[in-house]
Amino acid sequence: MTTLPAKTEKKLGLVIDLDTCVGCHACVISCKGWNTENYGAPLSDQNAYGADNSGTFLNRVHSYEVQPAGDAAAQLIHFPKSCLHCEDAPCVTVCPTGASYKRVEDGIVLVNESNCIGCGLCAWACPYGARELDQAEGVMKKCTLCVDRIYNENLPEEDRQPACVRTCPAGARHFGDLGDETSDVSKLVAERGGMDLMPEQGTKPVNKYLPPRPKDEMPEFDVLAPFLEPVAEEPKGFLGWLDKTLEKL
């Protein structure tokens, strides 16, 4: 079995804004693309274009219709889910070969695929369903926070962040050191009341979720209103002549 580090130098992780996420799945596609070509074995697909298809993903987006209490309007919440890089990660301590481990330098939870036997114990231990068995390779797969990308000095500095964060068109995903109270992600969590996912599990997830704002608290405005206002109170020129002509008919 693998032991967890008593303390990590950093707590790198994601902050996901459920108020901003539009469920476009751009993060899913970019994650699949990057991790198929880089870290570890490719993420395989089985019978991709058939009726009984399946595949391995490190990040998935689920959508739920939520009905708040009272008379508040229902909301459609898009919920991205991937490994939360927990401080007390049960997937690490249950691994019989030591393939699952948590790094001391940044707190990222990874899988050494050379030592993984695909037993699936880590998937059973993870309360978030964040691990998947790659059917082609027979090894467990999970989010790596694009560890081969965030430290890659061959990339421009703006690209040294997880592919999902770099790709998100709505700016709903944020990356940084959640162990540093002065970091942008830590400030965002403090300002918006960031939450742990299923805190009752006691895993101390590093990733945080920003709650969606109730619809009734958002300002009401009609985005089409400026385009529907009349151009002129009274038609002029050709339109004015046509309007008068039609009135005489």
# chains A, B, ... in the order shown; residues from 1 in each chain; ligands from 1
call {"tool": "closest_atom_pairs", "arguments": {"of": "region 45-106 of chain A", "to": "region 117-124 of chain A", "cutoff": "12 Å", "atoms": "only C-alpha atoms", "output": "CSV"}}
result
residue,atom,partner,partner_atom,distance
A:Cys83,CA,A:Ala123,CA,10.9
A:Ala89,CA,A:Cys122,CA,9.6
A:Pro90,CA,A:Cys122,CA,7.3
A:Cys91,CA,A:Cys122,CA,4.2
A:Val92,CA,A:Cys122,CA,7.0
A:Thr93,CA,A:Cys122,CA,8.5
A:Val94,CA,A:Cys122,CA,6.2
A:Cys95,CA,A:Cys122,CA,6.1
A:Pro96,CA,A:Leu121,CA,8.3
A:Thr97,CA,A:Ile117,CA,7.8
A:Gly98,CA,A:Ile117,CA,10.3
A:Ala99,CA,A:Ile117,CA,8.5
A:Ser100,CA,A:Cys122,CA,8.0
A:Tyr101,CA,A:Cys122,CA,10.9
call {"tool": "write_last_selection", "arguments": {"atoms": "all heavy atoms", "output": "PDB file, in the first residue's frame"}}
result
ATOM      1  N   CYS A  83     -10.711  14.233 -11.319  1.00  0.00           N
ATOM      2  CA  CYS A  83     -10.021  13.982 -10.055  1.00  0.00           C
ATOM      3  C   CYS A  83      -9.873  15.277  -9.271  1.00  0.00           C
ATOM      4  O   CYS A  83      -9.548  16.335  -9.832  1.00  0.00           O
ATOM      5  CB  CYS A  83      -8.640  13.377 -10.321  1.00  0.00           C
ATOM      6  SG  CYS A  83      -7.637  13.181  -8.829  1.00  0.00           S
ATOM      7  N   ALA A  89      -6.290  11.197   0.058  1.00  0.00           N
ATOM      8  CA  ALA A  89      -6.795  10.468  -1.111  1.00  0.00           C
ATOM      9  C   ALA A  89      -6.890   8.974  -0.846  1.00  0.00           C
ATOM     10  O   ALA A  89      -5.857   8.292  -0.750  1.00  0.00           O
ATOM     11  CB  ALA A  89      -5.887  10.735  -2.311  1.00  0.00           C
ATOM     12  N   PRO A  90      -8.100   8.422  -0.742  1.00  0.00           N
ATOM     13  CA  PRO A  90      -8.234   6.979  -0.492  1.00  0.00           C
ATOM     14  C   PRO A  90      -7.765   6.128  -1.666  1.00  0.00           C
ATOM     15  O   PRO A  90      -7.404   4.971  -1.475  1.00  0.00           O
ATOM     16  CB  PRO A  90      -9.738   6.814  -0.247  1.00  0.00           C
ATOM     17  CG  PRO A  90     -10.384   7.967  -0.942  1.00  0.00           C
ATOM     18  CD  PRO A  90      -9.411   9.086  -0.831  1.00  0.00           C
ATOM     19  N   CYS A  91      -7.752   6.694  -2.864  1.00  0.00           N
ATOM     20  CA  CYS A  91      -7.296   5.950  -4.033  1.00  0.00           C
ATOM     21  C   CYS A  91      -5.812   5.625  -3.944  1.00  0.00           C
ATOM     22  O   CYS A  91      -5.336   4.651  -4.539  1.00  0.00           O
ATOM     23  CB  CYS A  91      -7.588   6.747  -5.305  1.00  0.00           C
ATOM     24  SG  CYS A  91      -6.783   8.376  -5.343  1.00  0.00           S
ATOM     25  N   VAL A  92      -5.071   6.443  -3.200  1.00  0.00           N
ATOM     26  CA  VAL A  92      -3.632   6.230  -3.044  1.00  0.00           C
ATOM     27  C   VAL A  92      -3.360   5.141  -2.013  1.00  0.00           C
ATOM     28  O   VAL A  92      -2.589   4.205  -2.253  1.00  0.00           O
ATOM     29  CB  VAL A  92      -2.931   7.543  -2.644  1.00  0.00           C
ATOM     30  CG1 VAL A  92      -1.473   7.282  -2.248  1.00  0.00           C
ATOM     31  CG2 VAL A  92      -2.989   8.540  -3.792  1.00  0.00           C
ATOM     32  N   THR A  93      -3.995   5.252  -0.865  1.00  0.00           N
ATOM     33  CA  THR A  93      -3.681   4.327   0.227  1.00  0.00           C
ATOM     34  C   THR A  93      -4.196   2.916  -0.032  1.00  0.00           C
ATOM     35  O   THR A  93      -3.710   1.963   0.584  1.00  0.00           O
ATOM     36  CB  THR A  93      -4.274   4.856   1.547  1.00  0.00           C
ATOM     37  OG1 THR A  93      -5.686   5.085   1.382  1.00  0.00           O
ATOM     38  CG2 THR A  93      -3.621   6.165   1.935  1.00  0.00           C
ATOM     39  N   VAL A  94      -5.158   2.756  -0.941  1.00  0.00           N
ATOM     40  CA  VAL A  94      -5.706   1.433  -1.211  1.00  0.00           C
ATOM     41  C   VAL A  94      -4.929   0.694  -2.302  1.00  0.00           C
ATOM     42  O   VAL A  94      -5.072  -0.523  -2.463  1.00  0.00           O
ATOM     43  CB  VAL A  94      -7.199   1.550  -1.607  1.00  0.00           C
ATOM     44  CG1 VAL A  94      -7.336   2.015  -3.062  1.00  0.00           C
ATOM     45  CG2 VAL A  94      -7.936   0.246  -1.391  1.00  0.00           C
ATOM     46  N   CYS A  95      -4.074   1.391  -3.033  1.00  0.00           N
ATOM     47  CA  CYS A  95      -3.367   0.794  -4.170  1.00  0.00           C
ATOM     48  C   CYS A  95      -2.376  -0.276  -3.700  1.00  0.00           C
ATOM     49  O   CYS A  95      -1.457   0.009  -2.912  1.00  0.00           O
ATOM     50  CB  CYS A  95      -2.636   1.873  -4.960  1.00  0.00           C
ATOM     51  SG  CYS A  95      -1.722   1.226  -6.380  1.00  0.00           S
ATOM     52  N   PRO A  96      -2.502  -1.509  -4.168  1.00  0.00           N
ATOM     53  CA  PRO A  96      -1.640  -2.599  -3.683  1.00  0.00           C
ATOM     54  C   PRO A  96      -0.228  -2.586  -4.253  1.00  0.00           C
ATOM     55  O   PRO A  96       0.660  -3.247  -3.710  1.00  0.00           O
ATOM     56  CB  PRO A  96      -2.390  -3.861  -4.122  1.00  0.00           C
ATOM     57  CG  PRO A  96      -3.134  -3.443  -5.350  1.00  0.00           C
ATOM     58  CD  PRO A  96      -3.528  -2.014  -5.109  1.00  0.00           C
ATOM     59  N   THR A  97      -0.012  -1.856  -5.355  1.00  0.00           N
ATOM     60  CA  THR A  97       1.308  -1.871  -5.990  1.00  0.00           C
ATOM     61  C   THR A  97       2.077  -0.573  -5.827  1.00  0.00           C
ATOM     62  O   THR A  97       3.234  -0.486  -6.234  1.00  0.00           O
ATOM     63  CB  THR A  97       1.174  -2.158  -7.501  1.00  0.00           C
ATOM     64  OG1 THR A  97       0.505  -1.055  -8.134  1.00  0.00           O
ATOM     65  CG2 THR A  97       0.400  -3.442  -7.750  1.00  0.00           C
ATOM     66  N   GLY A  98       1.443   0.434  -5.269  1.00  0.00           N
ATOM     67  CA  GLY A  98       2.095   1.738  -5.162  1.00  0.00           C
ATOM     68  C   GLY A  98       2.025   2.537  -6.441  1.00  0.00           C
ATOM     69  O   GLY A  98       2.714   3.560  -6.569  1.00  0.00           O
ATOM     70  N   ALA A  99       1.219   2.108  -7.389  1.00  0.00           N
ATOM     71  CA  ALA A  99       1.114   2.828  -8.661  1.00  0.00           C
ATOM     72  C   ALA A  99       0.468   4.195  -8.470  1.00  0.00           C
ATOM     73  O   ALA A  99       0.828   5.166  -9.135  1.00  0.00           O
ATOM     74  CB  ALA A  99       0.311   2.000  -9.666  1.00  0.00           C
ATOM     75  N   SER A 100      -0.506   4.274  -7.571  1.00  0.00           N
ATOM     76  CA  SER A 100      -1.144   5.554  -7.266  1.00  0.00           C
ATOM     77  C   SER A 100      -0.334   6.261  -6.182  1.00  0.00           C
ATOM     78  O   SER A 100       0.010   5.652  -5.164  1.00  0.00           O
ATOM     79  CB  SER A 100      -2.583   5.340  -6.781  1.00  0.00           C
ATOM     80  OG  SER A 100      -3.398   4.881  -7.826  1.00  0.00           O
ATOM     81  N   TYR A 101      -0.048   7.521  -6.405  1.00  0.00           N
ATOM     82  CA  TYR A 101       0.747   8.256  -5.421  1.00  0.00           C
ATOM     83  C   TYR A 101       0.432   9.744  -5.488  1.00  0.00           C
ATOM     84  O   TYR A 101      -0.110  10.241  -6.489  1.00  0.00           O
ATOM     85  CB  TYR A 101       2.245   8.020  -5.648  1.00  0.00           C
ATOM     86  CG  TYR A 101       2.781   8.562  -6.967  1.00  0.00           C
ATOM     87  CD1 TYR A 101       3.468   9.764  -7.017  1.00  0.00           C
ATOM     88  CD2 TYR A 101       2.584   7.857  -8.165  1.00  0.00           C
ATOM     89  CE1 TYR A 101       3.972  10.256  -8.230  1.00  0.00           C
ATOM     90  CE2 TYR A 101       3.085   8.339  -9.367  1.00  0.00           C
ATOM     91  CZ  TYR A 101       3.757   9.541  -9.401  1.00  0.00           C
ATOM     92  OH  TYR A 101       4.236  10.030 -10.594  1.00  0.00           O
TER      93      TYR A 101
END
call {"tool": "residues_around", "arguments": {"residues": "His78 (chain A)", "least_positions_apart": "3", "cutoff": "12 Å", "atoms": "only C-alpha atoms", "output": "short mmCIF file (atom, residue, chain, number, x, y, z; two decimals) with N, CA, C and O atoms, in the first residue's frame"}}
result
data_model
loop_
_atom_site.label_atom_id
_atom_site.label_comp_id
_atom_site.auth_asym_id
_atom_site.auth_seq_id
_atom_site.Cartn_x
_atom_site.Cartn_y
_atom_site.Cartn_z
N ILE A 16 -13.72 25.56 -10.13
CA ILE A 16 -14.69 25.48 -11.21
C ILE A 16 -15.92 26.29 -10.84
O ILE A 16 -16.54 26.07 -9.80
N ASP A 17 -16.27 27.22 -11.71
CA ASP A 17 -17.40 28.13 -11.47
C ASP A 17 -18.66 27.55 -12.09
O ASP A 17 -18.85 27.58 -13.30
N LEU A 18 -19.55 27.02 -11.24
CA LEU A 18 -20.79 26.42 -11.74
C LEU A 18 -21.78 27.48 -12.22
O LEU A 18 -22.76 27.15 -12.90
N ASP A 19 -21.53 28.72 -11.89
CA ASP A 19 -22.39 29.80 -12.37
C ASP A 19 -22.06 30.20 -13.79
O ASP A 19 -22.90 30.73 -14.52
N THR A 20 -20.82 29.92 -14.20
CA THR A 20 -20.35 30.37 -15.51
C THR A 20 -20.31 29.25 -16.53
O THR A 20 -20.45 29.50 -17.73
N CYS A 21 -20.13 28.00 -16.08
CA CYS A 21 -20.02 26.87 -17.01
C CYS A 21 -21.29 26.74 -17.85
O CYS A 21 -22.41 26.73 -17.32
N VAL A 22 -21.12 26.64 -19.16
CA VAL A 22 -22.26 26.55 -20.08
C VAL A 22 -22.45 25.14 -20.63
O VAL A 22 -23.31 24.90 -21.47
N GLY A 23 -21.64 24.19 -20.16
CA GLY A 23 -21.81 22.81 -20.58
C GLY A 23 -21.45 22.55 -22.03
O GLY A 23 -22.00 21.64 -22.65
N CYS A 24 -20.48 23.28 -22.56
CA CYS A 24 -20.13 23.15 -23.98
C CYS A 24 -19.24 21.94 -24.26
O CYS A 24 -19.06 21.54 -25.41
N HIS A 25 -18.64 21.35 -23.20
CA HIS A 25 -17.75 20.19 -23.30
C HIS A 25 -16.42 20.49 -23.99
O HIS A 25 -15.70 19.57 -24.37
N ARG A 60 -15.36 14.76 -17.37
CA ARG A 60 -16.70 14.64 -17.94
C ARG A 60 -17.57 15.77 -17.41
O ARG A 60 -17.34 16.29 -16.31
N VAL A 61 -18.60 16.15 -18.18
CA VAL A 61 -19.53 17.19 -17.75
C VAL A 61 -20.93 16.59 -17.68
O VAL A 61 -21.42 16.02 -18.66
N HIS A 62 -21.55 16.70 -16.50
CA HIS A 62 -22.91 16.21 -16.30
C HIS A 62 -23.84 17.42 -16.13
O HIS A 62 -23.44 18.43 -15.55
N SER A 63 -25.04 17.31 -16.62
CA SER A 63 -26.00 18.42 -16.53
C SER A 63 -27.21 17.98 -15.73
O SER A 63 -27.75 16.88 -15.93
N TYR A 64 -27.65 18.86 -14.81
CA TYR A 64 -28.77 18.55 -13.93
C TYR A 64 -29.72 19.75 -13.89
O TYR A 64 -29.28 20.91 -13.88
N GLU A 65 -31.02 19.45 -13.85
CA GLU A 65 -32.01 20.50 -13.62
C GLU A 65 -32.29 20.56 -12.12
O GLU A 65 -32.69 19.56 -11.52
N VAL A 66 -32.06 21.72 -11.53
CA VAL A 66 -32.19 21.88 -10.08
C VAL A 66 -33.37 22.78 -9.79
O VAL A 66 -33.51 23.87 -10.39
N GLN A 75 -33.17 25.79 -12.41
CA GLN A 75 -31.90 26.10 -13.06
C GLN A 75 -31.30 24.85 -13.67
O GLN A 75 -31.42 23.75 -13.11
N LYS A 81 -16.66 17.18 -13.84
CA LYS A 81 -16.13 16.31 -12.80
C LYS A 81 -14.84 15.64 -13.28
O LYS A 81 -14.79 15.08 -14.36
N ALA A 172 -14.75 29.49 -16.97
CA ALA A 172 -15.33 28.85 -15.79
C ALA A 172 -14.32 28.01 -15.02
O ALA A 172 -14.64 27.52 -13.93
N TYR A 209 -15.46 24.12 -5.91
CA TYR A 209 -16.55 24.52 -6.79
C TYR A 209 -17.16 25.83 -6.29
O TYR A 209 -17.41 25.99 -5.09
N PRO A 211 -20.41 28.07 -6.21
CA PRO A 211 -21.84 27.77 -6.38
C PRO A 211 -22.51 28.68 -7.41
O PRO A 211 -22.10 29.83 -7.58
N PRO A 212 -23.54 28.16 -8.08
CA PRO A 212 -24.29 29.00 -9.02
C PRO A 212 -25.11 30.04 -8.27
O PRO A 212 -25.60 29.78 -7.17
#
call {"tool": "atom_distance", "arguments": {"atom1": "CA of Gly202 (chain A)", "atom2": "CA of Asp88 (chain A)"}}
result
7.5 Å
call {"tool": "residues_around", "arguments": {"residues": "region 27-39 of chain A", "least_positions_apart": "3", "cutoff": "12 Å", "atoms": "only C-alpha atoms", "output": "ChimeraX atom specification"}}
result
/A:16,21-24,42-45,55-62,79-82,110-113,134,141-149,152,161-174
call {"tool": "closest_residue", "arguments": {"among": "A:Glu105, A:Asp177, A:Glu158, A:Glu191", "to": "Asn207 (chain A)", "atoms": "only C-alpha atoms"}}
result
A:Asp177
call {"tool": "select_by_dssp", "arguments": {"residues": "region 3-223 of chain A", "states": "strand (DSSP E)", "output": "ChimeraX atom specification"}}
result
/A:12-17,45-46,54-55,60-66,75-81,100-102,109-111,132-134,139-141,173-177,208-210
call {"tool": "write_last_selection", "arguments": {"atoms": "N, CA and C atoms", "output": "short mmCIF file (atom, residue, chain, number, x, y, z; two decimals), in the first residue's frame"}}
result
data_model
loop_
_atom_site.label_atom_id
_atom_site.label_comp_id
_atom_site.auth_asym_id
_atom_site.auth_seq_id
_atom_site.Cartn_x
_atom_site.Cartn_y
_atom_site.Cartn_z
N LEU A 12 -1.73 22.35 -5.84
CA LEU A 12 -2.21 22.74 -7.15
C LEU A 12 -3.57 22.09 -7.41
N GLY A 13 -4.47 22.86 -7.96
CA GLY A 13 -5.79 22.33 -8.23
C GLY A 13 -6.63 23.28 -9.06
N LEU A 14 -7.88 22.91 -9.24
CA LEU A 14 -8.81 23.67 -10.08
C LEU A 14 -9.90 24.30 -9.23
N VAL A 15 -10.37 25.45 -9.66
CA VAL A 15 -11.57 26.07 -9.13
C VAL A 15 -12.55 26.18 -10.29
N ILE A 16 -13.72 25.56 -10.13
CA ILE A 16 -14.69 25.48 -11.21
C ILE A 16 -15.92 26.29 -10.84
N ASP A 17 -16.27 27.22 -11.71
CA ASP A 17 -17.40 28.13 -11.47
C ASP A 17 -18.66 27.55 -12.09
N ASP A 45 -10.77 4.46 -27.27
CA ASP A 45 -12.21 4.38 -27.51
C ASP A 45 -12.51 2.99 -28.05
N GLN A 46 -13.67 2.46 -27.68
CA GLN A 46 -14.10 1.16 -28.19
C GLN A 46 -15.39 1.34 -29.00
N SER A 54 -17.92 3.05 -26.16
CA SER A 54 -17.39 3.43 -24.85
C SER A 54 -16.01 4.05 -25.06
N GLY A 55 -15.54 4.71 -24.04
CA GLY A 55 -14.23 5.35 -24.15
C GLY A 55 -13.74 5.80 -22.79
N ARG A 60 -15.36 14.76 -17.37
CA ARG A 60 -16.70 14.64 -17.94
C ARG A 60 -17.57 15.77 -17.41
N VAL A 61 -18.60 16.15 -18.18
CA VAL A 61 -19.53 17.19 -17.75
C VAL A 61 -20.93 16.59 -17.68
N HIS A 62 -21.55 16.70 -16.50
CA HIS A 62 -22.91 16.21 -16.30
C HIS A 62 -23.84 17.42 -16.13
N SER A 63 -25.04 17.31 -16.62
CA SER A 63 -26.00 18.42 -16.53
C SER A 63 -27.21 17.98 -15.73
N TYR A 64 -27.65 18.86 -14.81
CA TYR A 64 -28.77 18.55 -13.93
C TYR A 64 -29.72 19.75 -13.89
N GLU A 65 -31.02 19.45 -13.85
CA GLU A 65 -32.01 20.50 -13.62
C GLU A 65 -32.29 20.56 -12.12
N VAL A 66 -32.06 21.72 -11.53
CA VAL A 66 -32.19 21.88 -10.08
C VAL A 66 -33.37 22.78 -9.79
N GLN A 75 -33.17 25.79 -12.41
CA GLN A 75 -31.90 26.10 -13.06
C GLN A 75 -31.30 24.85 -13.67
N LEU A 76 -30.66 25.02 -14.81
CA LEU A 76 -29.89 23.94 -15.41
C LEU A 76 -28.43 24.14 -15.02
N ILE A 77 -27.90 23.19 -14.25
CA ILE A 77 -26.53 23.29 -13.75
C ILE A 77 -25.65 22.31 -14.51
N HIS A 78 -24.57 22.81 -15.08
CA HIS A 78 -23.59 21.97 -15.76
C HIS A 78 -22.45 21.70 -14.77
N PHE A 79 -22.17 20.42 -14.54
CA PHE A 79 -21.27 20.03 -13.47
C PHE A 79 -20.08 19.25 -14.02
N PRO A 80 -18.93 19.91 -14.23
CA PRO A 80 -17.72 19.20 -14.66
C PRO A 80 -17.15 18.38 -13.52
N LYS A 81 -16.66 17.18 -13.84
CA LYS A 81 -16.13 16.31 -12.80
C LYS A 81 -14.84 15.64 -13.28
N SER A 100 -0.51 4.27 -7.57
CA SER A 100 -1.14 5.55 -7.27
C SER A 100 -0.33 6.26 -6.18
N TYR A 101 -0.05 7.52 -6.41
CA TYR A 101 0.75 8.26 -5.42
C TYR A 101 0.43 9.74 -5.49
N LYS A 102 0.75 10.45 -4.42
CA LYS A 102 0.55 11.90 -4.34
C LYS A 102 1.90 12.58 -4.22
N VAL A 109 -2.09 14.12 -7.62
CA VAL A 109 -2.23 12.67 -7.52
C VAL A 109 -2.07 12.07 -8.91
N LEU A 110 -1.16 11.11 -9.04
CA LEU A 110 -0.86 10.51 -10.34
C LEU A 110 -0.88 8.98 -10.26
N VAL A 111 -0.81 8.36 -11.42
CA VAL A 111 -0.73 6.91 -11.53
C VAL A 111 0.52 6.55 -12.33
N GLU A 132 -11.02 5.89 -14.25
CA GLU A 132 -11.59 5.00 -15.26
C GLU A 132 -10.52 4.01 -15.73
N LEU A 133 -10.96 2.79 -15.99
CA LEU A 133 -10.06 1.77 -16.52
C LEU A 133 -10.02 1.87 -18.03
N ASP A 134 -8.83 2.05 -18.57
CA ASP A 134 -8.70 2.07 -20.02
C ASP A 134 -8.73 0.63 -20.53
N VAL A 139 -5.04 -0.23 -17.70
CA VAL A 139 -4.52 0.56 -16.59
C VAL A 139 -5.55 1.63 -16.21
N MET A 140 -5.44 2.10 -14.97
CA MET A 140 -6.36 3.13 -14.49
C MET A 140 -5.91 4.50 -14.98
N LYS A 141 -6.90 5.30 -15.35
CA LYS A 141 -6.64 6.65 -15.86
C LYS A 141 -7.34 7.68 -14.99
N ARG A 173 -13.13 27.82 -15.57
CA ARG A 173 -12.14 26.96 -14.93
C ARG A 173 -10.89 27.78 -14.60
N HIS A 174 -10.39 27.61 -13.38
CA HIS A 174 -9.24 28.37 -12.91
C HIS A 174 -8.24 27.41 -12.28
N PHE A 175 -6.95 27.72 -12.42
CA PHE A 175 -5.89 26.83 -11.96
C PHE A 175 -4.89 27.61 -11.13
N GLY A 176 -4.44 27.00 -10.05
CA GLY A 176 -3.42 27.66 -9.24
C GLY A 176 -3.15 26.89 -7.96
N ASP A 177 -2.42 27.56 -7.05
CA ASP A 177 -2.01 26.96 -5.79
C ASP A 177 -3.04 27.32 -4.71
N LYS A 208 -12.01 23.05 -5.84
CA LYS A 208 -13.18 23.69 -5.25
C LYS A 208 -14.21 24.03 -6.33
N TYR A 209 -15.46 24.12 -5.91
CA TYR A 209 -16.55 24.52 -6.79
C TYR A 209 -17.16 25.83 -6.29
N LEU A 210 -17.37 26.76 -7.23
CA LEU A 210 -18.06 28.00 -6.89
C LEU A 210 -19.54 27.81 -7.18
#
call {"tool": "closest_residue", "arguments": {"among": "A:Lys10, A:Lys248, A:Arg131, A:Arg103", "to": "Glu181 (chain A)", "atoms": "only C-alpha atoms"}}
result
A:Lys10
call {"tool": "atom_distance", "arguments": {"atom1": "CA of His85 (chain A)", "atom2": "CA of Val206 (chain A)"}}
result
5.7 Å
call {"tool": "closest_residue", "arguments": {"among": "A:Asp71, A:Pro205, A:Glu137, A:Asn53", "to": "Ser114 (chain A)", "atoms": "only C-alpha atoms"}}
result
A:Glu137
call {"tool": "select_by_dssp", "arguments": {"residues": "region 1-243 of chain A", "states": "alpha helix (DSSP H)", "output": "ChimeraX atom specification"}}
result
/A:26-37,90-93,121-125,147-150,163-167,184-192,225-228,237-243
